$ cat model_0.cif   # mmCIF, N, CA and C atoms
data_start
loop_
_atom_site.label_atom_id
_atom_site.label_comp_id
_atom_site.auth_asym_id
_atom_site.auth_seq_id
_atom_site.Cartn_x
_atom_site.Cartn_y
_atom_site.Cartn_z
N MET A 45 0.80 -1.19 0.00
CA MET A 45 0.00 0.00 0.00
C MET A 45 0.84 1.26 0.00
N SER A 46 2.00 1.17 0.53
CA SER A 46 2.82 2.36 0.60
C SER A 46 3.30 2.80 -0.78
N LYS A 47 3.43 1.84 -1.73
CA LYS A 47 3.85 2.22 -3.08
C LYS A 47 2.79 3.06 -3.77
N THR A 48 1.55 2.70 -3.66
CA THR A 48 0.49 3.47 -4.31
C THR A 48 0.29 4.80 -3.61
N ASP A 49 0.45 4.82 -2.32
CA ASP A 49 0.31 6.08 -1.60
C ASP A 49 1.41 7.06 -2.02
N ASN A 50 2.64 6.54 -2.15
CA ASN A 50 3.74 7.41 -2.57
C ASN A 50 3.53 7.90 -4.00
N GLY A 51 3.01 7.03 -4.88
CA GLY A 51 2.79 7.41 -6.27
C GLY A 51 1.73 8.48 -6.39
N SER A 52 0.64 8.36 -5.67
CA SER A 52 -0.42 9.34 -5.78
C SER A 52 0.00 10.66 -5.14
N SER A 53 0.79 10.60 -4.08
CA SER A 53 1.24 11.85 -3.45
C SER A 53 2.27 12.55 -4.35
N THR A 54 3.07 11.78 -5.09
CA THR A 54 4.02 12.40 -6.00
C THR A 54 3.27 13.07 -7.15
N ASN A 55 2.24 12.42 -7.67
CA ASN A 55 1.45 13.02 -8.74
C ASN A 55 0.78 14.30 -8.25
N PHE A 56 0.29 14.26 -7.04
CA PHE A 56 -0.37 15.43 -6.47
C PHE A 56 0.63 16.55 -6.27
N ASN A 57 1.84 16.19 -5.80
CA ASN A 57 2.89 17.19 -5.62
C ASN A 57 3.32 17.77 -6.96
N LEU A 58 3.42 16.94 -7.99
CA LEU A 58 3.80 17.41 -9.31
C LEU A 58 2.75 18.38 -9.86
N LEU A 59 1.48 18.07 -9.65
CA LEU A 59 0.40 18.94 -10.07
C LEU A 59 0.48 20.28 -9.34
N LEU A 60 0.75 20.25 -8.05
CA LEU A 60 0.89 21.49 -7.29
C LEU A 60 2.08 22.31 -7.77
N ILE A 61 3.16 21.64 -8.12
CA ILE A 61 4.35 22.34 -8.63
C ILE A 61 4.03 23.03 -9.96
N ILE A 62 3.32 22.33 -10.82
CA ILE A 62 2.95 22.90 -12.14
C ILE A 62 2.05 24.11 -11.95
N ILE A 63 1.07 23.98 -11.07
CA ILE A 63 0.14 25.09 -10.83
C ILE A 63 0.88 26.27 -10.22
N SER A 64 1.77 26.02 -9.29
CA SER A 64 2.51 27.12 -8.68
C SER A 64 3.44 27.79 -9.69
N ASP A 65 4.05 27.02 -10.59
CA ASP A 65 4.89 27.62 -11.64
C ASP A 65 4.05 28.48 -12.59
N LEU A 66 2.85 28.01 -12.91
CA LEU A 66 1.98 28.78 -13.80
C LEU A 66 1.53 30.08 -13.15
N THR A 67 1.27 30.05 -11.87
CA THR A 67 0.82 31.27 -11.20
C THR A 67 1.98 32.25 -11.02
N ARG A 68 3.18 31.76 -10.91
CA ARG A 68 4.33 32.65 -10.75
C ARG A 68 4.71 33.32 -12.08
N ASN A 69 4.48 32.62 -13.18
CA ASN A 69 4.89 33.13 -14.50
C ASN A 69 3.64 33.47 -15.33
N LYS A 70 2.86 34.39 -14.81
CA LYS A 70 1.60 34.74 -15.49
C LYS A 70 1.85 35.35 -16.86
N LEU A 71 2.88 36.16 -16.96
CA LEU A 71 3.18 36.80 -18.23
C LEU A 71 3.55 35.76 -19.30
N ARG A 72 4.33 34.78 -18.93
CA ARG A 72 4.72 33.73 -19.88
C ARG A 72 3.50 32.92 -20.32
N VAL A 73 2.64 32.61 -19.38
CA VAL A 73 1.43 31.86 -19.71
C VAL A 73 0.54 32.68 -20.64
N LEU A 74 0.41 33.96 -20.34
CA LEU A 74 -0.39 34.83 -21.19
C LEU A 74 0.21 34.92 -22.60
N LEU A 75 1.52 35.07 -22.69
CA LEU A 75 2.17 35.11 -23.99
C LEU A 75 2.00 33.79 -24.75
N TYR A 76 2.09 32.68 -24.06
CA TYR A 76 1.90 31.37 -24.67
C TYR A 76 0.48 31.25 -25.22
N LEU A 77 -0.49 31.68 -24.43
CA LEU A 77 -1.88 31.62 -24.89
C LEU A 77 -2.10 32.55 -26.09
N MET A 78 -1.48 33.70 -26.06
CA MET A 78 -1.60 34.63 -27.19
C MET A 78 -0.98 34.04 -28.46
N VAL A 79 0.12 33.33 -28.31
CA VAL A 79 0.73 32.66 -29.47
C VAL A 79 -0.22 31.61 -30.03
N LEU A 80 -0.86 30.85 -29.15
CA LEU A 80 -1.81 29.84 -29.60
C LEU A 80 -3.01 30.47 -30.30
N VAL A 81 -3.52 31.55 -29.73
CA VAL A 81 -4.65 32.24 -30.34
C VAL A 81 -4.25 32.81 -31.70
N SER A 82 -3.06 33.37 -31.78
CA SER A 82 -2.56 33.92 -33.04
C SER A 82 -2.40 32.82 -34.08
N ALA A 83 -1.86 31.69 -33.69
CA ALA A 83 -1.70 30.56 -34.62
C ALA A 83 -3.06 30.08 -35.12
N PHE A 84 -4.02 29.99 -34.23
CA PHE A 84 -5.36 29.57 -34.62
C PHE A 84 -5.99 30.59 -35.58
N ALA A 85 -5.76 31.86 -35.33
CA ALA A 85 -6.29 32.90 -36.22
C ALA A 85 -5.65 32.81 -37.61
N VAL A 86 -4.37 32.51 -37.66
CA VAL A 86 -3.69 32.34 -38.95
C VAL A 86 -4.27 31.16 -39.71
N ILE A 87 -4.54 30.08 -39.00
CA ILE A 87 -5.13 28.89 -39.63
C ILE A 87 -6.51 29.22 -40.20
N LEU A 88 -7.33 29.89 -39.42
CA LEU A 88 -8.67 30.26 -39.89
C LEU A 88 -8.60 31.22 -41.07
N SER A 89 -7.71 32.19 -40.98
CA SER A 89 -7.57 33.16 -42.07
C SER A 89 -7.11 32.48 -43.36
N THR A 90 -6.16 31.58 -43.27
CA THR A 90 -5.68 30.86 -44.44
C THR A 90 -6.79 30.01 -45.05
N HIS A 91 -7.54 29.33 -44.21
CA HIS A 91 -8.65 28.50 -44.69
C HIS A 91 -9.70 29.36 -45.40
N ASN A 92 -10.05 30.47 -44.79
CA ASN A 92 -11.02 31.38 -45.38
C ASN A 92 -10.52 31.93 -46.72
N ASN A 93 -9.26 32.28 -46.77
CA ASN A 93 -8.65 32.78 -48.01
C ASN A 93 -8.72 31.73 -49.12
N ARG A 94 -8.41 30.50 -48.79
CA ARG A 94 -8.46 29.43 -49.79
C ARG A 94 -9.88 29.20 -50.27
N GLN A 95 -10.85 29.26 -49.36
CA GLN A 95 -12.25 29.10 -49.77
C GLN A 95 -12.68 30.23 -50.70
N GLN A 96 -12.24 31.44 -50.42
CA GLN A 96 -12.58 32.58 -51.27
C GLN A 96 -11.93 32.45 -52.66
N ILE A 97 -10.70 31.96 -52.70
CA ILE A 97 -10.02 31.76 -53.98
C ILE A 97 -10.73 30.70 -54.81
N ILE A 98 -11.17 29.63 -54.16
CA ILE A 98 -11.91 28.57 -54.86
C ILE A 98 -13.21 29.13 -55.43
N ALA A 99 -13.91 29.93 -54.64
CA ALA A 99 -15.17 30.53 -55.11
C ALA A 99 -14.90 31.49 -56.26
N LEU A 100 -13.82 32.26 -56.17
CA LEU A 100 -13.47 33.20 -57.24
C LEU A 100 -13.17 32.46 -58.54
N GLU A 101 -12.41 31.38 -58.45
CA GLU A 101 -12.08 30.61 -59.64
C GLU A 101 -13.34 30.00 -60.26
N LYS A 102 -14.26 29.56 -59.42
CA LYS A 102 -15.53 29.00 -59.90
C LYS A 102 -16.32 30.08 -60.64
N HIS A 103 -16.38 31.28 -60.09
CA HIS A 103 -17.10 32.37 -60.73
C HIS A 103 -16.40 32.81 -62.02
N MET A 104 -15.09 32.77 -62.05
CA MET A 104 -14.36 33.14 -63.26
C MET A 104 -14.63 32.13 -64.38
N GLN A 105 -14.71 30.83 -64.03
CA GLN A 105 -15.03 29.82 -65.02
C GLN A 105 -16.45 30.02 -65.55
N GLU A 106 -17.37 30.34 -64.65
CA GLU A 106 -18.74 30.61 -65.06
C GLU A 106 -18.80 31.84 -65.98
N LYS A 107 -18.03 32.87 -65.64
CA LYS A 107 -17.98 34.08 -66.47
C LYS A 107 -17.44 33.75 -67.85
N ASP A 108 -16.39 32.93 -67.91
CA ASP A 108 -15.82 32.55 -69.20
C ASP A 108 -16.82 31.76 -70.03
N ALA A 109 -17.55 30.85 -69.39
CA ALA A 109 -18.56 30.07 -70.11
C ALA A 109 -19.67 30.97 -70.64
N LEU A 110 -20.10 31.93 -69.83
CA LEU A 110 -21.14 32.86 -70.27
C LEU A 110 -20.63 33.76 -71.39
N ASP A 111 -19.36 34.13 -71.32
CA ASP A 111 -18.77 34.97 -72.37
C ASP A 111 -18.73 34.21 -73.70
N VAL A 112 -18.37 32.94 -73.66
CA VAL A 112 -18.35 32.11 -74.88
C VAL A 112 -19.77 31.98 -75.42
N GLN A 113 -20.73 31.74 -74.53
CA GLN A 113 -22.12 31.62 -74.95
C GLN A 113 -22.61 32.94 -75.58
N TRP A 114 -22.25 34.07 -74.99
CA TRP A 114 -22.65 35.37 -75.53
C TRP A 114 -22.06 35.58 -76.93
N ARG A 115 -20.79 35.24 -77.10
CA ARG A 115 -20.15 35.39 -78.41
C ARG A 115 -20.85 34.51 -79.46
N ASN A 116 -21.21 33.29 -79.06
CA ASN A 116 -21.92 32.42 -80.00
C ASN A 116 -23.28 33.00 -80.37
N LEU A 117 -23.96 33.60 -79.40
CA LEU A 117 -25.25 34.21 -79.68
C LEU A 117 -25.11 35.42 -80.61
N VAL A 118 -24.06 36.19 -80.43
CA VAL A 118 -23.83 37.34 -81.31
C VAL A 118 -23.58 36.84 -82.74
N LEU A 119 -22.78 35.79 -82.87
CA LEU A 119 -22.52 35.24 -84.21
C LEU A 119 -23.81 34.70 -84.83
N GLU A 120 -24.63 34.05 -84.02
CA GLU A 120 -25.90 33.53 -84.52
C GLU A 120 -26.82 34.67 -84.94
N GLN A 121 -26.85 35.75 -84.15
CA GLN A 121 -27.68 36.90 -84.50
C GLN A 121 -27.22 37.52 -85.82
N ARG A 122 -25.93 37.64 -86.00
CA ARG A 122 -25.41 38.20 -87.24
C ARG A 122 -25.78 37.32 -88.43
N ALA A 123 -25.68 36.00 -88.22
CA ALA A 123 -26.02 35.08 -89.32
C ALA A 123 -27.51 35.14 -89.65
N LEU A 124 -28.35 35.27 -88.62
CA LEU A 124 -29.79 35.30 -88.85
C LEU A 124 -30.26 36.61 -89.47
N THR A 125 -29.56 37.69 -89.20
CA THR A 125 -29.98 38.99 -89.74
C THR A 125 -29.24 39.36 -91.02
N GLU A 126 -28.52 38.45 -91.59
CA GLU A 126 -27.79 38.72 -92.83
C GLU A 126 -28.81 38.98 -93.95
N HIS A 127 -28.54 39.98 -94.75
CA HIS A 127 -29.49 40.45 -95.77
C HIS A 127 -29.85 39.35 -96.77
N ASN A 128 -28.87 38.61 -97.24
CA ASN A 128 -29.12 37.56 -98.24
C ASN A 128 -30.05 36.48 -97.68
N ARG A 129 -29.88 36.13 -96.44
CA ARG A 129 -30.71 35.09 -95.83
C ARG A 129 -32.15 35.57 -95.71
N ILE A 130 -32.32 36.82 -95.27
CA ILE A 130 -33.68 37.37 -95.13
C ILE A 130 -34.36 37.44 -96.50
N GLU A 131 -33.61 37.85 -97.49
CA GLU A 131 -34.17 37.94 -98.84
C GLU A 131 -34.59 36.56 -99.35
N ALA A 132 -33.80 35.54 -99.10
CA ALA A 132 -34.15 34.18 -99.52
C ALA A 132 -35.39 33.68 -98.79
N LEU A 133 -35.50 33.97 -97.50
CA LEU A 133 -36.68 33.53 -96.74
C LEU A 133 -37.95 34.25 -97.22
N VAL A 134 -37.84 35.52 -97.54
CA VAL A 134 -38.99 36.28 -98.02
C VAL A 134 -39.46 35.71 -99.36
N GLU A 135 -38.52 35.40 -100.25
CA GLU A 135 -38.89 34.83 -101.54
C GLU A 135 -39.53 33.46 -101.37
N LYS A 136 -39.03 32.68 -100.46
CA LYS A 136 -39.52 31.31 -100.29
C LYS A 136 -40.88 31.29 -99.60
N HIS A 137 -41.02 31.96 -98.46
CA HIS A 137 -42.23 31.85 -97.64
C HIS A 137 -43.33 32.83 -98.04
N LEU A 138 -42.97 34.02 -98.49
CA LEU A 138 -43.98 35.04 -98.79
C LEU A 138 -44.18 35.26 -100.28
N ASN A 139 -43.45 34.51 -101.08
CA ASN A 139 -43.52 34.62 -102.54
C ASN A 139 -43.30 36.06 -103.00
N MET A 140 -42.41 36.74 -102.37
CA MET A 140 -42.07 38.11 -102.75
C MET A 140 -40.82 38.08 -103.61
N ARG A 141 -40.71 39.07 -104.47
CA ARG A 141 -39.52 39.17 -105.33
C ARG A 141 -39.21 40.64 -105.55
N ARG A 142 -38.02 40.87 -106.10
CA ARG A 142 -37.62 42.23 -106.42
C ARG A 142 -38.39 42.69 -107.67
N PRO A 143 -38.86 43.91 -107.64
CA PRO A 143 -39.57 44.38 -108.85
C PRO A 143 -38.61 44.58 -110.02
N THR A 144 -39.12 44.36 -111.18
CA THR A 144 -38.30 44.59 -112.38
C THR A 144 -38.33 46.07 -112.70
N VAL A 145 -37.53 46.46 -113.68
CA VAL A 145 -37.44 47.88 -114.06
C VAL A 145 -38.79 48.37 -114.58
N ASP A 146 -39.52 47.53 -115.29
CA ASP A 146 -40.82 47.91 -115.83
C ASP A 146 -41.86 48.09 -114.73
N GLU A 147 -41.71 47.37 -113.61
CA GLU A 147 -42.69 47.43 -112.53
C GLU A 147 -42.44 48.58 -111.55
N GLU A 148 -41.30 49.17 -111.64
CA GLU A 148 -40.96 50.26 -110.72
C GLU A 148 -41.76 51.50 -111.09
N VAL A 149 -42.25 52.21 -110.05
CA VAL A 149 -43.00 53.45 -110.26
C VAL A 149 -42.29 54.55 -109.49
N VAL A 150 -42.00 55.62 -110.17
CA VAL A 150 -41.34 56.75 -109.52
C VAL A 150 -42.40 57.78 -109.21
N VAL A 151 -42.47 58.21 -107.96
CA VAL A 151 -43.45 59.20 -107.53
C VAL A 151 -42.73 60.53 -107.37
N ARG A 152 -43.27 61.56 -108.02
CA ARG A 152 -42.65 62.87 -107.92
C ARG A 152 -43.64 63.82 -107.29
N PHE A 153 -43.11 64.76 -106.56
CA PHE A 153 -43.97 65.75 -105.89
C PHE A 153 -44.07 66.97 -106.71
#

$ encode --input "model_0.cif" --output "structure tokens"
Amino acid sequence: MSKTDNGSSTNFNLLLIIISDLTRNKLRVLLYLMVLVSAFAVILSTHNNRQQIIALEKHMQEKDALDVQWRNLVLEQRALTEHNRIEALVEKHLNMRRPTVDEEVVVRF
């Protein structure tokens, strides 16, 4: 029984020594805690920065895709509004044609 009693009293004494050292060196403990808080803040800041960069890259890819789609739509609009195409559709669907020289009428005031 004396072995366990000595072991528990040594652990208790060691705990008291640690607590007394911590209370004597309050400035060191405070500085140590501040270093830990600062390290944790750096970790959070880095994580947040990486998440923002990932979101930015995702938005840039979406912007590029929309830009390509817009360019394709502009090309399609130009092709659809081309004069020759409109003229061919009018002739085909509405049976319209260009008047001949004999059919032209000049109106003078």

$ atom_distance --input "model_0.cif" --atom1 "atom N of Lys136 of chain A" --atom2 "atom C of Leu124 of chain A"
14.6 Å

$ atom_distance --input "model_0.cif" --atom1 "atom N of Leu138 of chain A" --atom2 "atom CA of Ala123 of chain A"
19.3 Å

$ atom_distance --input "model_0.cif" --atom1 "atom N of Tyr76 of chain A" --atom2 "atom C of Ile62 of chain A"
14.8 Å

$ decode --input "model_0.cif" --residues "segment 99-114 of chain A" --atoms "all heavy atoms" --output "PDB file, in the first residue's frame"
ATOM      1  N   ALA A  99     -13.914  29.925 -54.636  1.00  0.00           N
ATOM      2  CA  ALA A  99     -15.170  30.528 -55.111  1.00  0.00           C
ATOM      3  C   ALA A  99     -14.899  31.489 -56.260  1.00  0.00           C
ATOM      4  O   ALA A  99     -15.650  31.522 -57.248  1.00  0.00           O
ATOM      5  CB  ALA A  99     -15.875  31.246 -53.966  1.00  0.00           C
ATOM      6  N   LEU A 100     -13.823  32.263 -56.166  1.00  0.00           N
ATOM      7  CA  LEU A 100     -13.471  33.204 -57.236  1.00  0.00           C
ATOM      8  C   LEU A 100     -13.169  32.458 -58.537  1.00  0.00           C
ATOM      9  O   LEU A 100     -13.630  32.855 -59.607  1.00  0.00           O
ATOM     10  CB  LEU A 100     -12.268  34.053 -56.823  1.00  0.00           C
ATOM     11  CG  LEU A 100     -11.744  35.016 -57.882  1.00  0.00           C
ATOM     12  CD1 LEU A 100     -12.783  36.092 -58.188  1.00  0.00           C
ATOM     13  CD2 LEU A 100     -10.442  35.641 -57.423  1.00  0.00           C
ATOM     14  N   GLU A 101     -12.410  31.378 -58.447  1.00  0.00           N
ATOM     15  CA  GLU A 101     -12.084  30.606 -59.643  1.00  0.00           C
ATOM     16  C   GLU A 101     -13.344  30.002 -60.257  1.00  0.00           C
ATOM     17  O   GLU A 101     -13.488  29.968 -61.485  1.00  0.00           O
ATOM     18  CB  GLU A 101     -11.069  29.523 -59.313  1.00  0.00           C
ATOM     19  CG  GLU A 101      -9.670  30.066 -59.054  1.00  0.00           C
ATOM     20  CD  GLU A 101      -8.686  28.989 -58.654  1.00  0.00           C
ATOM     21  OE1 GLU A 101      -9.086  27.805 -58.567  1.00  0.00           O
ATOM     22  OE2 GLU A 101      -7.521  29.332 -58.423  1.00  0.00           O
ATOM     23  N   LYS A 102     -14.262  29.562 -59.416  1.00  0.00           N
ATOM     24  CA  LYS A 102     -15.525  29.002 -59.902  1.00  0.00           C
ATOM     25  C   LYS A 102     -16.321  30.080 -60.644  1.00  0.00           C
ATOM     26  O   LYS A 102     -16.851  29.835 -61.736  1.00  0.00           O
ATOM     27  CB  LYS A 102     -16.339  28.462 -58.729  1.00  0.00           C
ATOM     28  CG  LYS A 102     -17.647  27.855 -59.114  1.00  0.00           C
ATOM     29  CD  LYS A 102     -18.390  27.353 -57.884  1.00  0.00           C
ATOM     30  CE  LYS A 102     -19.768  26.853 -58.234  1.00  0.00           C
ATOM     31  NZ  LYS A 102     -20.530  26.477 -57.045  1.00  0.00           N
ATOM     32  N   HIS A 103     -16.385  31.279 -60.088  1.00  0.00           N
ATOM     33  CA  HIS A 103     -17.099  32.374 -60.734  1.00  0.00           C
ATOM     34  C   HIS A 103     -16.398  32.813 -62.023  1.00  0.00           C
ATOM     35  O   HIS A 103     -17.077  33.185 -62.999  1.00  0.00           O
ATOM     36  CB  HIS A 103     -17.261  33.560 -59.787  1.00  0.00           C
ATOM     37  CG  HIS A 103     -18.219  33.312 -58.667  1.00  0.00           C
ATOM     38  ND1 HIS A 103     -19.515  32.936 -58.867  1.00  0.00           N
ATOM     39  CD2 HIS A 103     -18.050  33.375 -57.328  1.00  0.00           C
ATOM     40  CE1 HIS A 103     -20.124  32.778 -57.705  1.00  0.00           C
ATOM     41  NE2 HIS A 103     -19.250  33.043 -56.748  1.00  0.00           N
ATOM     42  N   MET A 104     -15.086  32.775 -62.046  1.00  0.00           N
ATOM     43  CA  MET A 104     -14.356  33.139 -63.261  1.00  0.00           C
ATOM     44  C   MET A 104     -14.631  32.128 -64.377  1.00  0.00           C
ATOM     45  O   MET A 104     -14.793  32.500 -65.543  1.00  0.00           O
ATOM     46  CB  MET A 104     -12.849  33.223 -62.977  1.00  0.00           C
ATOM     47  CG  MET A 104     -12.459  34.387 -62.086  1.00  0.00           C
ATOM     48  SD  MET A 104     -12.846  35.984 -62.778  1.00  0.00           S
ATOM     49  CE  MET A 104     -11.591  36.081 -64.024  1.00  0.00           C
ATOM     50  N   GLN A 105     -14.706  30.835 -64.025  1.00  0.00           N
ATOM     51  CA  GLN A 105     -15.029  29.817 -65.024  1.00  0.00           C
ATOM     52  C   GLN A 105     -16.451  30.019 -65.547  1.00  0.00           C
ATOM     53  O   GLN A 105     -16.706  29.884 -66.749  1.00  0.00           O
ATOM     54  CB  GLN A 105     -14.884  28.413 -64.429  1.00  0.00           C
ATOM     55  CG  GLN A 105     -13.449  27.997 -64.199  1.00  0.00           C
ATOM     56  CD  GLN A 105     -13.345  26.653 -63.490  1.00  0.00           C
ATOM     57  OE1 GLN A 105     -14.337  26.105 -63.025  1.00  0.00           O
ATOM     58  NE2 GLN A 105     -12.137  26.130 -63.409  1.00  0.00           N
ATOM     59  N   GLU A 106     -17.371  30.343 -64.646  1.00  0.00           N
ATOM     60  CA  GLU A 106     -18.744  30.606 -65.061  1.00  0.00           C
ATOM     61  C   GLU A 106     -18.799  31.836 -65.975  1.00  0.00           C
ATOM     62  O   GLU A 106     -19.524  31.840 -66.978  1.00  0.00           O
ATOM     63  CB  GLU A 106     -19.624  30.813 -63.828  1.00  0.00           C
ATOM     64  CG  GLU A 106     -21.086  30.987 -64.128  1.00  0.00           C
ATOM     65  CD  GLU A 106     -21.916  31.149 -62.871  1.00  0.00           C
ATOM     66  OE1 GLU A 106     -21.427  30.859 -61.771  1.00  0.00           O
ATOM     67  OE2 GLU A 106     -23.075  31.593 -63.007  1.00  0.00           O
ATOM     68  N   LYS A 107     -18.033  32.873 -65.639  1.00  0.00           N
ATOM     69  CA  LYS A 107     -17.978  34.080 -66.469  1.00  0.00           C
ATOM     70  C   LYS A 107     -17.442  33.748 -67.845  1.00  0.00           C
ATOM     71  O   LYS A 107     -17.972  34.210 -68.863  1.00  0.00           O
ATOM     72  CB  LYS A 107     -17.104  35.137 -65.806  1.00  0.00           C
ATOM     73  CG  LYS A 107     -16.945  36.403 -66.631  1.00  0.00           C
ATOM     74  CD  LYS A 107     -15.769  37.201 -66.107  1.00  0.00           C
ATOM     75  CE  LYS A 107     -15.311  38.234 -67.072  1.00  0.00           C
ATOM     76  NZ  LYS A 107     -14.410  37.770 -68.110  1.00  0.00           N
ATOM     77  N   ASP A 108     -16.385  32.932 -67.910  1.00  0.00           N
ATOM     78  CA  ASP A 108     -15.822  32.549 -69.201  1.00  0.00           C
ATOM     79  C   ASP A 108     -16.823  31.762 -70.035  1.00  0.00           C
ATOM     80  O   ASP A 108     -16.944  31.980 -71.243  1.00  0.00           O
ATOM     81  CB  ASP A 108     -14.534  31.739 -69.007  1.00  0.00           C
ATOM     82  CG  ASP A 108     -13.390  32.566 -68.457  1.00  0.00           C
ATOM     83  OD1 ASP A 108     -13.462  33.812 -68.561  1.00  0.00           O
ATOM     84  OD2 ASP A 108     -12.431  31.977 -67.916  1.00  0.00           O
ATOM     85  N   ALA A 109     -17.552  30.852 -69.386  1.00  0.00           N
ATOM     86  CA  ALA A 109     -18.559  30.071 -70.106  1.00  0.00           C
ATOM     87  C   ALA A 109     -19.668  30.974 -70.640  1.00  0.00           C
ATOM     88  O   ALA A 109     -20.126  30.811 -71.781  1.00  0.00           O
ATOM     89  CB  ALA A 109     -19.133  28.985 -69.198  1.00  0.00           C
ATOM     90  N   LEU A 110     -20.099  31.932 -69.826  1.00  0.00           N
ATOM     91  CA  LEU A 110     -21.136  32.860 -70.268  1.00  0.00           C
ATOM     92  C   LEU A 110     -20.627  33.764 -71.391  1.00  0.00           C
ATOM     93  O   LEU A 110     -21.376  34.104 -72.310  1.00  0.00           O
ATOM     94  CB  LEU A 110     -21.637  33.703 -69.094  1.00  0.00           C
ATOM     95  CG  LEU A 110     -22.494  32.956 -68.070  1.00  0.00           C
ATOM     96  CD1 LEU A 110     -22.765  33.847 -66.867  1.00  0.00           C
ATOM     97  CD2 LEU A 110     -23.781  32.470 -68.691  1.00  0.00           C
ATOM     98  N   ASP A 111     -19.359  34.133 -71.323  1.00  0.00           N
ATOM     99  CA  ASP A 111     -18.767  34.966 -72.369  1.00  0.00           C
ATOM    100  C   ASP A 111     -18.733  34.208 -73.700  1.00  0.00           C
ATOM    101  O   ASP A 111     -19.059  34.768 -74.750  1.00  0.00           O
ATOM    102  CB  ASP A 111     -17.352  35.396 -71.961  1.00  0.00           C
ATOM    103  CG  ASP A 111     -16.783  36.457 -72.876  1.00  0.00           C
ATOM    104  OD1 ASP A 111     -17.557  37.353 -73.282  1.00  0.00           O
ATOM    105  OD2 ASP A 111     -15.575  36.397 -73.168  1.00  0.00           O
ATOM    106  N   VAL A 112     -18.365  32.936 -73.661  1.00  0.00           N
ATOM    107  CA  VAL A 112     -18.353  32.115 -74.876  1.00  0.00           C
ATOM    108  C   VAL A 112     -19.773  31.978 -75.421  1.00  0.00           C
ATOM    109  O   VAL A 112     -20.001  32.104 -76.634  1.00  0.00           O
ATOM    110  CB  VAL A 112     -17.730  30.730 -74.585  1.00  0.00           C
ATOM    111  CG1 VAL A 112     -17.974  29.759 -75.717  1.00  0.00           C
ATOM    112  CG2 VAL A 112     -16.236  30.869 -74.324  1.00  0.00           C
ATOM    113  N   GLN A 113     -20.730  31.742 -74.527  1.00  0.00           N
ATOM    114  CA  GLN A 113     -22.122  31.625 -74.953  1.00  0.00           C
ATOM    115  C   GLN A 113     -22.609  32.936 -75.578  1.00  0.00           C
ATOM    116  O   GLN A 113     -23.296  32.922 -76.601  1.00  0.00           O
ATOM    117  CB  GLN A 113     -23.003  31.252 -73.757  1.00  0.00           C
ATOM    118  CG  GLN A 113     -24.453  31.029 -74.110  1.00  0.00           C
ATOM    119  CD  GLN A 113     -25.281  30.680 -72.886  1.00  0.00           C
ATOM    120  OE1 GLN A 113     -24.807  30.710 -71.758  1.00  0.00           O
ATOM    121  NE2 GLN A 113     -26.525  30.345 -73.115  1.00  0.00           N
ATOM    122  N   TRP A 114     -22.254  34.069 -74.991  1.00  0.00           N
ATOM    123  CA  TRP A 114     -22.651  35.366 -75.533  1.00  0.00           C
ATOM    124  C   TRP A 114     -22.061  35.581 -76.927  1.00  0.00           C
ATOM    125  O   TRP A 114     -22.740  36.050 -77.837  1.00  0.00           O
ATOM    126  CB  TRP A 114     -22.216  36.483 -74.587  1.00  0.00           C
ATOM    127  CG  TRP A 114     -22.550  37.846 -75.088  1.00  0.00           C
ATOM    128  CD1 TRP A 114     -23.770  38.462 -75.103  1.00  0.00           C
ATOM    129  CD2 TRP A 114     -21.649  38.783 -75.695  1.00  0.00           C
ATOM    130  NE1 TRP A 114     -23.678  39.715 -75.657  1.00  0.00           N
ATOM    131  CE2 TRP A 114     -22.384  39.935 -76.028  1.00  0.00           C
ATOM    132  CE3 TRP A 114     -20.286  38.749 -75.974  1.00  0.00           C
ATOM    133  CZ2 TRP A 114     -21.805  41.035 -76.632  1.00  0.00           C
ATOM    134  CZ3 TRP A 114     -19.717  39.861 -76.565  1.00  0.00           C
ATOM    135  CH2 TRP A 114     -20.474  40.977 -76.889  1.00  0.00           C
TER     136      TRP A 114
END
